[in-house]
file structure-v1.cif (mmCIF, C-alpha atoms and all ligand atoms)
data_query
#
loop_
_atom_site.group_PDB
_atom_site.id
_atom_site.type_symbol
_atom_site.label_atom_id
_atom_site.label_comp_id
_atom_site.auth_asym_id
_atom_site.auth_seq_id
_atom_site.Cartn_x
_atom_site.Cartn_y
_atom_site.Cartn_z
ATOM 1 C CA MET C 1 14.724 50.074 56.129
ATOM 2 C CA SER C 2 17.494 47.642 55.113
ATOM 3 C CA ARG C 3 19.167 47.673 51.728
ATOM 4 C CA SER C 4 16.970 45.585 49.417
ATOM 5 C CA LEU C 5 16.873 44.594 45.759
ATOM 6 C CA ILE C 6 13.542 45.530 44.193
ATOM 7 C CA ASP C 7 14.667 46.880 40.817
ATOM 8 C CA ILE C 8 17.970 45.956 39.149
ATOM 9 C CA LEU C 9 18.686 49.704 38.938
ATOM 10 C CA ASP C 10 18.865 49.770 42.764
ATOM 11 C CA PHE C 11 22.405 48.447 42.276
ATOM 12 C CA SER C 12 25.147 50.410 40.543
ATOM 13 C CA VAL C 13 27.118 48.916 37.643
ATOM 14 C CA GLN C 14 30.067 48.613 40.004
ATOM 15 C CA GLU C 15 28.002 46.665 42.551
ATOM 16 C CA ILE C 16 26.803 44.317 39.810
ATOM 17 C CA ASP C 17 30.429 43.803 38.734
ATOM 18 C CA GLU C 18 31.297 42.948 42.337
ATOM 19 C CA LEU C 19 28.452 40.434 42.530
ATOM 20 C CA ILE C 20 29.571 38.820 39.285
ATOM 21 C CA ASN C 21 33.138 38.577 40.571
ATOM 22 C CA MET C 22 31.972 37.069 43.837
ATOM 23 C CA ALA C 23 29.807 34.538 41.966
ATOM 24 C CA LEU C 24 32.823 33.564 39.832
ATOM 25 C CA ASP C 25 34.862 33.090 42.999
ATOM 26 C CA ILE C 26 32.103 30.907 44.491
ATOM 27 C CA VAL C 27 32.197 28.760 41.322
ATOM 28 C CA LYS C 28 35.969 28.386 41.784
ATOM 29 C CA SER C 29 36.152 27.870 45.555
ATOM 30 C CA PRO C 30 32.721 26.945 46.984
ATOM 31 C CA GLU C 31 34.266 25.655 50.235
ATOM 32 C CA LYS C 32 35.325 29.191 51.170
ATOM 33 C CA TYR C 33 31.665 30.152 51.367
ATOM 34 C CA SER C 34 30.112 27.046 52.908
ATOM 35 C CA GLU C 35 29.740 28.472 56.447
ATOM 36 C CA LYS C 36 29.311 32.172 55.652
ATOM 37 C CA CYS C 37 25.599 32.204 56.569
ATOM 38 C CA HIS C 38 25.801 29.892 59.559
ATOM 39 C CA GLY C 39 22.953 30.743 61.956
ATOM 40 C CA LYS C 40 21.119 32.898 59.399
ATOM 41 C CA LYS C 41 17.633 32.306 58.002
ATOM 42 C CA LEU C 42 16.216 33.125 54.582
ATOM 43 C CA ALA C 43 12.416 33.345 54.249
ATOM 44 C CA THR C 44 11.032 32.479 50.814
ATOM 45 C CA LEU C 45 7.547 33.999 50.468
ATOM 46 C CA PHE C 46 6.131 32.771 47.176
ATOM 47 C CA PHE C 47 2.586 33.889 46.405
ATOM 48 C CA GLU C 48 3.007 32.662 42.785
ATOM 49 C CA PRO C 49 4.297 29.405 41.255
ATOM 50 C CA SER C 50 8.044 28.922 40.882
ATOM 51 C CA THR C 51 10.546 26.117 40.440
ATOM 52 C CA ARG C 52 13.912 27.670 39.640
ATOM 53 C CA THR C 53 13.753 30.936 41.498
ATOM 54 C CA ARG C 54 12.536 29.510 44.813
ATOM 55 C CA LEU C 55 14.691 26.383 44.727
ATOM 56 C CA SER C 56 17.786 28.305 43.639
ATOM 57 C CA PHE C 57 17.338 30.705 46.568
ATOM 58 C CA GLU C 58 16.936 27.743 48.908
ATOM 59 C CA ALA C 59 19.924 25.881 47.434
ATOM 60 C CA ALA C 60 21.960 29.096 47.605
ATOM 61 C CA MET C 61 21.207 29.589 51.305
ATOM 62 C CA TYR C 62 21.955 25.935 52.148
ATOM 63 C CA GLU C 63 25.263 26.121 50.262
ATOM 64 C CA LEU C 64 26.141 29.146 52.388
ATOM 65 C CA GLY C 65 25.489 27.105 55.555
ATOM 66 C CA GLY C 66 22.229 28.908 56.366
ATOM 67 C CA ASN C 67 18.640 27.782 56.863
ATOM 68 C CA VAL C 68 15.392 28.405 54.993
ATOM 69 C CA ILE C 69 11.781 28.910 56.101
ATOM 70 C CA GLY C 70 8.819 29.941 53.983
ATOM 71 C CA PHE C 71 5.813 29.027 51.903
ATOM 72 C CA SER C 72 5.387 28.239 48.237
ATOM 73 C CA GLU C 73 1.774 29.237 47.636
ATOM 74 C CA ALA C 74 -0.466 32.052 48.815
ATOM 75 C CA GLN C 75 -3.178 29.588 49.836
ATOM 76 C CA SER C 76 -1.010 28.107 52.586
ATOM 77 C CA SER C 77 -0.207 31.533 54.092
ATOM 78 C CA SER C 78 -2.388 34.025 55.974
ATOM 79 C CA ALA C 79 -2.832 35.902 52.671
ATOM 80 C CA ALA C 80 -5.687 33.424 52.217
ATOM 81 C CA LYS C 81 -7.275 34.923 55.357
ATOM 82 C CA GLY C 82 -6.879 38.449 54.001
ATOM 83 C CA GLU C 83 -3.618 39.522 55.649
ATOM 84 C CA SER C 84 -1.880 42.452 53.918
ATOM 85 C CA VAL C 85 1.637 42.015 52.523
ATOM 86 C CA ALA C 86 2.732 44.849 54.841
ATOM 87 C CA ASP C 87 1.693 42.828 57.901
ATOM 88 C CA THR C 88 3.277 39.684 56.459
ATOM 89 C CA ALA C 89 6.519 41.679 56.059
ATOM 90 C CA LYS C 90 6.487 42.870 59.692
ATOM 91 C CA THR C 91 5.778 39.343 60.895
ATOM 92 C CA VAL C 92 8.431 37.587 58.842
ATOM 93 C CA SER C 93 11.024 40.191 59.932
ATOM 94 C CA CYS C 94 10.661 38.679 63.437
ATOM 95 C CA TYR C 95 11.720 35.242 62.187
ATOM 96 C CA ALA C 96 14.151 35.685 59.294
ATOM 97 C CA ASP C 97 17.323 37.645 58.474
ATOM 98 C CA ILE C 98 16.466 38.134 54.794
ATOM 99 C CA ILE C 99 13.367 37.706 52.609
ATOM 100 C CA ALA C 100 12.964 36.598 48.987
ATOM 101 C CA MET C 101 9.458 37.212 47.747
ATOM 102 C CA ARG C 102 7.383 36.621 44.611
ATOM 103 C CA HIS C 103 3.915 38.116 44.228
ATOM 104 C CA PRO C 104 1.422 38.537 41.353
ATOM 105 C CA LYS C 105 0.939 42.270 42.036
ATOM 106 C CA GLU C 106 3.300 44.822 40.546
ATOM 107 C CA GLY C 107 4.921 46.802 43.358
ATOM 108 C CA ALA C 108 4.257 44.217 46.096
ATOM 109 C CA ALA C 109 7.969 43.652 46.787
ATOM 110 C CA TYR C 110 8.425 47.391 47.243
ATOM 111 C CA VAL C 111 5.629 47.478 49.841
ATOM 112 C CA VAL C 112 7.234 44.560 51.673
ATOM 113 C CA ALA C 113 10.653 46.262 51.648
ATOM 114 C CA LYS C 114 9.084 49.415 53.120
ATOM 115 C CA ASN C 115 7.577 47.422 55.978
ATOM 116 C CA ALA C 116 10.247 44.812 56.701
ATOM 117 C CA SER C 117 13.193 45.412 59.006
ATOM 118 C CA VAL C 118 15.390 42.954 57.067
ATOM 119 C CA PRO C 119 16.613 43.007 53.416
ATOM 120 C CA VAL C 120 13.994 42.069 50.820
ATOM 121 C CA ILE C 121 14.724 40.557 47.417
ATOM 122 C CA ASN C 122 12.132 40.898 44.670
ATOM 123 C CA ALA C 123 11.816 37.428 43.115
ATOM 124 C CA GLY C 124 9.236 38.687 40.591
ATOM 125 C CA ASP C 125 6.343 41.166 40.991
ATOM 126 C CA GLY C 126 3.563 40.551 38.481
ATOM 127 C CA GLY C 127 4.401 41.588 34.925
ATOM 128 C CA HIS C 128 6.831 44.201 36.225
ATOM 129 C CA LEU C 129 10.368 43.209 37.279
ATOM 130 C CA HIS C 130 12.559 40.209 38.078
ATOM 131 C CA PRO C 131 15.993 41.535 39.086
ATOM 132 C CA THR C 132 17.531 38.256 40.294
ATOM 133 C CA GLN C 133 16.802 36.559 36.957
ATOM 134 C CA THR C 134 18.618 39.523 35.441
ATOM 135 C CA LEU C 135 21.636 38.893 37.652
ATOM 136 C CA ALA C 136 21.613 35.258 36.480
ATOM 137 C CA ASP C 137 21.322 36.469 32.877
ATOM 138 C CA LEU C 138 24.185 38.956 33.269
ATOM 139 C CA LEU C 139 26.453 36.308 34.795
ATOM 140 C CA THR C 140 25.583 33.973 31.919
ATOM 141 C CA ILE C 141 26.271 36.615 29.268
ATOM 142 C CA TYR C 142 29.565 37.492 30.980
ATOM 143 C CA ARG C 143 30.675 33.854 31.151
ATOM 144 C CA GLU C 144 29.623 33.139 27.562
ATOM 145 C CA LYS C 145 30.734 36.346 25.845
ATOM 146 C CA GLY C 146 33.480 37.548 28.189
ATOM 147 C CA SER C 147 31.912 41.014 28.447
ATOM 148 C CA LEU C 148 28.657 42.844 29.114
ATOM 149 C CA SER C 149 29.252 45.334 26.295
ATOM 150 C CA GLY C 150 29.245 45.327 22.516
ATOM 151 C CA PHE C 151 26.599 42.881 21.269
ATOM 152 C CA THR C 152 23.240 42.632 19.553
ATOM 153 C CA ILE C 153 20.543 40.958 21.634
ATOM 154 C CA GLY C 154 17.141 39.881 20.332
ATOM 155 C CA PHE C 155 14.241 39.541 22.788
ATOM 156 C CA CYS C 156 11.569 37.245 21.397
ATOM 157 C CA GLY C 157 8.057 36.371 22.565
ATOM 158 C CA ASP C 158 5.949 38.046 25.230
ATOM 159 C CA LEU C 159 7.713 41.370 25.666
ATOM 160 C CA LYS C 160 4.612 42.976 27.151
ATOM 161 C CA PHE C 161 4.206 40.857 30.283
ATOM 162 C CA GLY C 162 7.683 39.279 30.428
ATOM 163 C CA ARG C 163 9.213 40.755 33.576
ATOM 164 C CA THR C 164 12.600 39.130 32.915
ATOM 165 C CA VAL C 165 12.817 41.099 29.666
ATOM 166 C CA HIS C 166 11.930 44.380 31.376
ATOM 167 C CA SER C 167 14.631 43.968 34.014
ATOM 168 C CA LEU C 168 17.317 42.779 31.601
ATOM 169 C CA ILE C 169 16.725 45.694 29.216
ATOM 170 C CA ALA C 170 17.046 48.118 32.156
ATOM 171 C CA ALA C 171 20.284 46.459 33.254
ATOM 172 C CA LEU C 172 21.834 46.409 29.778
ATOM 173 C CA SER C 173 21.000 50.079 29.219
ATOM 174 C CA ARG C 174 24.000 50.966 31.400
ATOM 175 C CA TYR C 175 26.590 49.127 29.271
ATOM 176 C CA SER C 176 28.046 50.330 25.983
ATOM 177 C CA GLY C 177 27.592 49.134 22.419
ATOM 178 C CA ILE C 178 24.328 47.250 23.008
ATOM 179 C CA ASN C 179 21.876 46.891 20.108
ATOM 180 C CA VAL C 180 18.391 45.592 20.849
ATOM 181 C CA VAL C 181 16.000 43.791 18.499
ATOM 182 C CA LEU C 182 12.447 43.395 19.822
ATOM 183 C CA ILE C 183 10.677 40.423 18.233
ATOM 184 C CA SER C 184 7.030 39.916 19.214
ATOM 185 C CA PRO C 185 3.464 39.753 17.927
ATOM 186 C CA GLU C 186 1.791 43.181 17.693
ATOM 187 C CA GLU C 187 -0.252 42.533 20.865
ATOM 188 C CA LEU C 188 2.776 41.576 22.953
ATOM 189 C CA LYS C 189 5.144 44.439 22.150
ATOM 190 C CA LEU C 190 7.443 45.927 24.790
ATOM 191 C CA PRO C 191 5.478 48.480 26.889
ATOM 192 C CA SER C 192 5.980 51.995 25.568
ATOM 193 C CA TYR C 193 7.151 53.311 28.953
ATOM 194 C CA ILE C 194 10.209 51.039 28.711
ATOM 195 C CA LYS C 195 10.936 52.153 25.151
ATOM 196 C CA LYS C 196 10.635 55.797 26.162
ATOM 197 C CA ASP C 197 12.218 55.812 29.628
ATOM 198 C CA ILE C 198 15.015 53.357 28.926
ATOM 199 C CA LEU C 199 15.789 52.673 25.274
ATOM 200 C CA LYS C 200 15.177 56.161 23.909
ATOM 201 C CA GLU C 201 16.374 57.956 27.032
ATOM 202 C CA LYS C 202 19.713 56.094 26.941
ATOM 203 C CA ASN C 203 20.051 56.295 23.128
ATOM 204 C CA ILE C 204 20.123 52.539 22.718
ATOM 205 C CA PRO C 205 19.607 51.560 19.083
ATOM 206 C CA PHE C 206 16.582 49.266 18.794
ATOM 207 C CA ALA C 207 14.432 47.743 16.078
ATOM 208 C CA GLN C 208 10.991 46.117 16.301
ATOM 209 C CA THR C 209 9.827 43.244 14.137
ATOM 210 C CA THR C 210 7.433 40.315 14.152
ATOM 211 C CA ASP C 211 9.829 38.139 12.126
ATOM 212 C CA LEU C 212 12.325 36.034 14.098
ATOM 213 C CA GLU C 213 14.046 34.510 11.062
ATOM 214 C CA GLU C 214 14.646 37.892 9.501
ATOM 215 C CA ALA C 215 16.255 39.147 12.723
ATOM 216 C CA MET C 216 18.341 36.010 13.327
ATOM 217 C CA PRO C 217 21.577 36.652 11.323
ATOM 218 C CA ALA C 218 22.449 39.841 13.231
ATOM 219 C CA LEU C 219 22.032 38.379 16.717
ATOM 220 C CA ASP C 220 24.824 37.548 19.180
ATOM 221 C CA ILE C 221 22.272 36.647 21.858
ATOM 222 C CA LEU C 222 18.704 35.425 21.415
ATOM 223 C CA TYR C 223 16.543 35.718 24.558
ATOM 224 C CA MET C 224 13.409 33.597 24.083
ATOM 225 C CA THR C 225 10.418 33.948 26.412
ATOM 226 C CA ARG C 226 7.179 32.166 27.220
ATOM 227 C CA VAL C 227 3.815 33.791 26.540
ATOM 228 C CA GLN C 228 2.667 34.704 30.072
ATOM 229 C CA ARG C 229 -0.695 32.951 30.252
ATOM 230 C CA GLU C 230 -1.390 34.038 33.852
ATOM 231 C CA ARG C 231 -1.318 37.734 32.882
ATOM 232 C CA PHE C 232 -3.884 37.440 30.052
ATOM 233 C CA PHE C 233 -7.431 38.666 30.456
ATOM 234 C CA ASN C 234 -8.900 35.907 28.322
ATOM 235 C CA GLU C 235 -7.897 32.389 27.346
ATOM 236 C CA GLU C 236 -8.747 32.867 23.647
ATOM 237 C CA ASP C 237 -6.068 35.512 23.195
ATOM 238 C CA TYR C 238 -3.550 33.303 24.965
ATOM 239 C CA LEU C 239 -4.373 30.308 22.759
ATOM 240 C CA ARG C 240 -4.046 32.422 19.620
ATOM 241 C CA LEU C 241 -0.664 33.852 20.619
ATOM 242 C CA LYS C 242 1.011 31.079 22.596
ATOM 243 C CA ASP C 243 2.844 29.445 19.715
ATOM 244 C CA SER C 244 3.833 32.642 17.904
ATOM 245 C CA TYR C 245 7.507 31.644 17.996
ATOM 246 C CA ILE C 246 8.925 28.139 18.175
ATOM 247 C CA LEU C 247 12.679 27.929 17.797
ATOM 248 C CA THR C 248 13.681 24.837 15.789
ATOM 249 C CA PRO C 249 17.069 23.760 14.367
ATOM 250 C CA GLU C 250 15.885 24.925 10.874
ATOM 251 C CA LYS C 251 15.313 28.438 12.177
ATOM 252 C CA LEU C 252 18.933 28.542 13.333
ATOM 253 C CA MET C 253 20.276 27.967 9.810
ATOM 254 C CA ASN C 254 21.178 31.635 9.400
ATOM 255 C CA ALA C 255 22.239 32.198 12.985
ATOM 256 C CA LYS C 256 25.788 33.025 14.063
ATOM 257 C CA SER C 257 27.930 30.059 15.023
ATOM 258 C CA ASN C 258 28.582 31.627 18.442
ATOM 259 C CA LEU C 259 24.979 32.697 19.100
ATOM 260 C CA CYS C 260 24.011 32.408 22.763
ATOM 261 C CA ILE C 261 20.422 31.113 23.110
ATOM 262 C CA MET C 262 18.872 32.120 26.412
ATOM 263 C CA HIS C 263 15.490 31.549 28.072
ATOM 264 C CA PRO C 264 14.597 32.282 31.714
ATOM 265 C CA LEU C 265 12.500 29.083 31.732
ATOM 266 C CA PRO C 266 9.995 27.523 32.170
ATOM 267 C CA ARG C 267 9.837 26.641 28.479
ATOM 268 C CA VAL C 268 6.420 25.677 27.214
ATOM 269 C CA ASN C 269 6.837 25.320 23.473
ATOM 270 C CA GLU C 270 9.201 28.137 22.504
ATOM 271 C CA ILE C 271 12.372 26.091 22.021
ATOM 272 C CA SER C 272 12.355 22.656 20.460
ATOM 273 C CA VAL C 273 14.096 20.074 22.675
ATOM 274 C CA ALA C 274 16.244 19.237 19.627
ATOM 275 C CA ILE C 275 18.135 22.462 20.362
ATOM 276 C CA ASP C 276 19.113 21.380 23.888
ATOM 277 C CA SER C 277 22.159 19.524 22.579
ATOM 278 C CA ASP C 278 23.275 22.459 20.405
ATOM 279 C CA PRO C 279 26.365 24.064 22.008
ATOM 280 C CA ARG C 280 24.659 27.444 21.546
ATOM 281 C CA ALA C 281 21.902 26.520 24.039
ATOM 282 C CA CYS C 282 22.621 28.416 27.272
ATOM 283 C CA TYR C 283 19.332 28.137 29.164
ATOM 284 C CA PHE C 284 20.360 25.423 31.595
ATOM 285 C CA LYS C 285 23.607 27.294 32.230
ATOM 286 C CA GLN C 286 21.409 30.249 33.250
ATOM 287 C CA VAL C 287 19.752 27.998 35.835
ATOM 288 C CA LEU C 288 23.080 27.081 37.426
ATOM 289 C CA ASN C 289 24.398 30.634 37.262
ATOM 290 C CA GLY C 290 21.207 31.720 39.034
ATOM 291 C CA LYS C 291 22.216 29.774 42.122
ATOM 292 C CA TYR C 292 25.734 31.226 42.248
ATOM 293 C CA ILE C 293 24.681 34.824 41.769
ATOM 294 C CA ARG C 294 21.913 34.452 44.386
ATOM 295 C CA MET C 295 24.566 33.198 46.831
ATOM 296 C CA ALA C 296 26.572 36.358 46.155
ATOM 297 C CA LEU C 297 23.454 38.520 46.508
ATOM 298 C CA ILE C 298 22.411 36.999 49.850
ATOM 299 C CA LEU C 299 25.942 37.551 51.175
ATOM 300 C CA LYS C 300 26.059 41.156 50.014
ATOM 301 C CA LEU C 301 22.685 42.107 51.494
ATOM 302 C CA LEU C 302 23.339 40.337 54.813
ATOM 303 C CA GLU C 303 26.739 42.036 55.113
ATOM 304 C CA GLU C 304 25.164 45.433 54.500
ATOM 305 C CA ALA C 305 22.401 44.726 57.036
ATOM 306 C CA GLU C 306 25.008 43.782 59.641
ATOM 307 C CA LYS C 307 26.918 47.017 59.025
ATOM 308 C CA ASP C 308 23.670 48.962 59.573
ATOM 309 C CA GLU C 309 23.285 47.381 63.021
ATOM 310 C CA TYR C 310 26.458 49.003 64.314
HETATM 311 C C1 LIG D 401 10.329 33.699 34.780
HETATM 312 C C2 LIG D 401 9.371 34.479 35.646
HETATM 313 O O1 LIG D 401 8.916 33.973 36.689
HETATM 314 O O2 LIG D 401 9.099 35.614 35.280
HETATM 315 N N1 LIG D 401 10.721 32.489 35.365
HETATM 316 C C3 LIG D 401 11.827 32.461 36.157
HETATM 317 O O3 LIG D 401 11.838 33.012 37.236
HETATM 318 N N2 LIG D 401 12.917 31.870 35.689
HETATM 319 C C4 LIG D 401 9.872 33.541 33.379
HETATM 320 C C5 LIG D 401 8.524 32.955 33.146
HETATM 321 O O4 LIG D 401 7.813 32.544 34.075
HETATM 322 O O5 LIG D 401 8.160 32.878 31.979
#
call {"tool": "encode", "arguments": {"input": "structure-v1.cif", "output": "structure tokens", "more": "lines below"}}
Ligand code: NCD
result
Amino acid sequence: MSRSLIDILDFSVQEIDELINMALDIVKSPEKYSEKCHGKKLATLFFEPSTRTRLSFEAAMYELGGNVIGFSEAQSSSAAKGESVADTAKTVSCYADIIAMRHPKEGAAYVVAKNASVPVINAGDGGHLHPTQTLADLLTIYREKGSLSGFTIGFCGDLKFGRTVHSLIAALSRYSGINVVLISPEELKLPSYIKKDILKEKNIPFAQTTDLEEAMPALDILYMTRVQRERFFNEEDYLRLKDSYILTPEKLMNAKSNLCIMHPLPRVNEISVAIDSDPRACYFKQVLNGKYIRMALILKLLEEAEKDEY
């Protein structure tokens, strides 16, 4: 089994630092990297919708001089005929050097990694984890704040099903001086296993509230999220909860002048477009950082796979 990235905790803090440094070097000198993946193929297996994650993986591989194969919906793959993800993994290992995969079932990426003979990157598994968004988020925080320690971060919206939130909280639990504020409707609170196994276990101070404006003045980073319609059991609940939080310029009146406003995107209604021109808006920077850090990740995993061959 090759080294894969299924959970952000699969990588040590030092490895994440190395990825961040490599991404910063790619930003500075992209030409140094433009042929690094010559002759290599990335397979993007997307069983769920995606714009940024899939296209940033594809752009990343092209900018490294490599090629991309794959599919962007389950219906156009043999999953529609009933093929298991384990068999898909064995098959794609015959064609590609590395796999990036998104699937609606929690744990699917892990099953693929167990069955593939090439590195597998989890590009989102149901309401569970999304480690490469976390790498993009960490690079963004580092570039904006100059450090991954010593700040108060508020997570706002769907903390129950939001996999980007789950992975970022796990990642931040290994840095020092982090305070967490969890802002959500009662029904969409952070799952208790994450509070117990991560926040409490690592002694990370956290508060829970339903009131975004009350939380605002203390925040250095505000991480907004979309209510995850596709994970709801009924449409009525979604419709009732979808507009729980809408960030407008008025709501930022009491915010810090150097607040960093993040969102993994897609945005539905959570951030008014009037905020896009505010210098505190960082969500499109996250998109760009996502490409650079995925370039670094592809390089790292391919290098490790090559070492294993010898
Ligand atoms: C996120 C995801 O897929 O979990 N999107 C992304 O990859 N940037 C967030 C979301 O869909 O709400």
call {"tool": "residues_near_ligand", "arguments": {"input": "structure-v1.cif", "ligand": "ligand LIG 401 (chain D)", "cutoff": "6 Å", "atoms": "only C-alpha atoms and all ligand atoms", "output": "list in words"}}
result
Arg52, Thr53, Arg163, Thr164, Arg226, Pro264, Leu265 and Pro266 of chain C
call {"tool": "write_last_selection", "arguments": {"input": "structure-v1.cif", "atoms": "C-alpha atoms", "output": "PDB file, in the frame of the given file"}}
result
ATOM      1  CA  ARG C  52      13.912  27.670  39.640  1.00  0.00           C
ATOM      2  CA  THR C  53      13.753  30.936  41.498  1.00  0.00           C
ATOM      3  CA  ARG C 163       9.213  40.755  33.576  1.00  0.00           C
ATOM      4  CA  THR C 164      12.600  39.130  32.915  1.00  0.00           C
ATOM      5  CA  ARG C 226       7.179  32.166  27.220  1.00  0.00           C
ATOM      6  CA  PRO C 264      14.597  32.282  31.714  1.00  0.00           C
ATOM      7  CA  LEU C 265      12.500  29.083  31.732  1.00  0.00           C
ATOM      8  CA  PRO C 266       9.995  27.523  32.170  1.00  0.00           C
TER       9      PRO C 266
END
call {"tool": "residues_around", "arguments": {"input": "structure-v1.cif", "residues": "segment 139-152 of chain C", "least_positions_apart": "4", "cutoff": "7 Å", "atoms": "all atoms listed in the file", "output": "number ranges by chain"}}
result
C: 20, 135, 175-180, 218-221, 285-286, 289
call {"tool": "residues_around", "arguments": {"input": "structure-v1.cif", "residues": "Asp17 of chain C", "least_positions_apart": "5", "cutoff": "10 Å", "atoms": "only C-alpha atoms", "output": "PDB file with C-alpha atoms, in the coordinates of the input"}}
result
ATOM      1  CA  PHE C  11      22.405  48.447  42.276  1.00  0.00           C
ATOM      2  CA  SER C  12      25.147  50.410  40.543  1.00  0.00           C
ATOM      3  CA  MET C  22      31.972  37.069  43.837  1.00  0.00           C
ATOM      4  CA  ALA C  23      29.807  34.538  41.966  1.00  0.00           C
ATOM      5  CA  LEU C 138      24.185  38.956  33.269  1.00  0.00           C
ATOM      6  CA  LEU C 139      26.453  36.308  34.795  1.00  0.00           C
ATOM      7  CA  LEU C 148      28.657  42.844  29.114  1.00  0.00           C
TER       8      LEU C 148
END
call {"tool": "residues_around", "arguments": {"input": "structure-v1.cif", "residues": "segment 54-68 of chain C", "least_positions_apart": "5", "cutoff": "6 Å", "atoms": "only C-alpha atoms", "output": "PyMOL selection string"}}
result
chain C and resi 33-43+291+295
call {"tool": "resolve_selection", "arguments": {"input": "structure-v1.cif", "expression": "the PyMOL selection byres (((chain C and resi 238) around 12) and not hetatm)", "output": "ChimeraX atom specification"}}
result
/C:158,185,187-188,226-237,239-244
call {"tool": "closest_atom_pairs", "arguments": {"input": "structure-v1.cif", "of": "segment 107-177 of chain C", "to": "segment 83-89 of chain C", "cutoff": "6 Å", "atoms": "all atoms listed in the file", "output": "Markdown table"}}
result
| residue | atom | partner | partner_atom | distance |
| --- | --- | --- | --- | --- |
| C:Val112 | CA | C:Ala89 | CA | 5.3 |
| C:Asn115 | CA | C:Ala86 | CA | 5.6 |
| C:Ala116 | CA | C:Ala89 | CA | 4.9 |
call {"tool": "atom_distance", "arguments": {"input": "structure-v1.cif", "atom1": "atom CA of Glu186 of chain C", "atom2": "atom CA of Gln208 of chain C"}}
result
9.8 Å
call {"tool": "closest_residue", "arguments": {"input": "structure-v1.cif", "among": "C:Leu45, C:Ile16, C:Leu168, C:Leu252", "to": "Ser76 of chain C", "atoms": "all atoms listed in the file"}}
result
C:Leu45
call {"tool": "residues_near_point", "arguments": {"input": "structure-v1.cif", "point": "(23.0, 51.1, 33.7)", "cutoff": "8 Å", "atoms": "only C-alpha atoms", "output": "MDAnalysis selection string"}}
result
chainID C and resid 9 12:13 170:175
call {"tool": "closest_residue", "arguments": {"input": "structure-v1.cif", "among": "C:Ser78, C:Ser277, C:Gln133, C:Ser184", "to": "His263 of chain C", "atoms": "only C-alpha atoms"}}
result
C:Gln133
call {"tool": "resolve_selection", "arguments": {"input": "structure-v1.cif", "expression": "the PyMOL selection byres (((chain C and resi 250) around 12) and not hetatm)", "output": "list in words"}}
result
Glu213, Met216, Ile246, Leu247, Thr248, Pro249, Lys251, Leu252, Met253, Asn254, Ala255, Ile271, Ser272, Ala274 and Ile275 of chain C
call {"tool": "atom_distance", "arguments": {"input": "structure-v1.cif", "atom1": "atom CA of Val268 of chain C", "atom2": "atom CA of Ile153 of chain C"}}
result
21.5 Å
call {"tool": "closest_residue", "arguments": {"input": "structure-v1.cif", "among": "C:Ile169, C:Gly154, C:Leu299, C:Leu222", "to": "Thr209 of chain C", "atoms": "only C-alpha atoms"}}
result
C:Gly154
call {"tool": "atom_distance", "arguments": {"input": "structure-v1.cif", "atom1": "atom CA of Asp7 of chain C", "atom2": "atom CA of Tyr110 of chain C"}}
result
9.0 Å
call {"tool": "resolve_selection", "arguments": {"input": "structure-v1.cif", "expression": "the PyMOL selection byres (((chain C and resi 117) around 6) and not hetatm)", "output": "list in words"}}
result
Met1, Ser93, Ala116 and Val118 of chain C
call {"tool": "residues_near_point", "arguments": {"input": "structure-v1.cif", "point": "(8.4, 46.6, 46.7)", "cutoff": "10 Å", "atoms": "only C-alpha atoms", "output": "list of chain:residue names"}}
result
C:Ser4, C:Leu5, C:Ile6, C:Asp7, C:Met101, C:His103, C:Lys105, C:Glu106, C:Gly107, C:Ala108, C:Ala109, C:Tyr110, C:Val111, C:Val112, C:Ala113, C:Lys114, C:Asn115, C:Val120, C:Ile121, C:Asn122, C:Asp125
call {"tool": "closest_residue", "arguments": {"input": "structure-v1.cif", "among": "C:Ile183, C:Glu304, C:Asp211, C:His166", "to": "Asp197 of chain C", "atoms": "only C-alpha atoms"}}
result
C:His166
call {"tool": "closest_residue", "arguments": {"input": "structure-v1.cif", "among": "C:Ala123, C:Ile204, C:Cys282, C:Val165", "to": "Thr225 of chain C", "atoms": "all atoms listed in the file"}}
result
C:Val165
call {"tool": "closest_residue", "arguments": {"input": "structure-v1.cif", "among": "C:Tyr245, C:Phe284, C:Tyr223, C:Phe161", "to": "Thr134 of chain C", "atoms": "all atoms listed in the file"}}
result
C:Tyr223
call {"tool": "decode", "arguments": {"input": "structure-v1.cif", "residues": "segment 268-272 of chain C", "atoms": "N, CA, C and O atoms", "output": "mmCIF file, in the first residue's frame"}}
result
data_model
loop_
_atom_site.group_PDB
_atom_site.id
_atom_site.type_symbol
_atom_site.label_atom_id
_atom_site.label_comp_id
_atom_site.auth_asym_id
_atom_site.auth_seq_id
_atom_site.Cartn_x
_atom_site.Cartn_y
_atom_site.Cartn_z
ATOM 1 N N VAL C 268 -23.376 29.707 -1.093
ATOM 2 C CA VAL C 268 -24.749 29.751 -1.597
ATOM 3 C C VAL C 268 -25.312 31.122 -1.234
ATOM 4 O O VAL C 268 -25.559 31.955 -2.093
ATOM 5 N N ASN C 269 -25.435 31.357 0.082
ATOM 6 C CA ASN C 269 -25.987 32.646 0.496
ATOM 7 C C ASN C 269 -25.285 33.155 1.748
ATOM 8 O O ASN C 269 -25.727 34.124 2.342
ATOM 9 N N GLU C 270 -24.216 32.474 2.160
ATOM 10 C CA GLU C 270 -23.643 32.729 3.489
ATOM 11 C C GLU C 270 -22.835 34.015 3.574
ATOM 12 O O GLU C 270 -22.619 34.539 4.670
ATOM 13 N N ILE C 271 -22.314 34.481 2.440
ATOM 14 C CA ILE C 271 -21.510 35.711 2.471
ATOM 15 C C ILE C 271 -22.026 36.621 1.362
ATOM 16 O O ILE C 271 -22.030 36.237 0.183
ATOM 17 N N SER C 272 -22.453 37.804 1.758
ATOM 18 C CA SER C 272 -22.954 38.758 0.776
ATOM 19 C C SER C 272 -21.821 39.129 -0.196
ATOM 20 O O SER C 272 -20.663 39.300 0.214
#
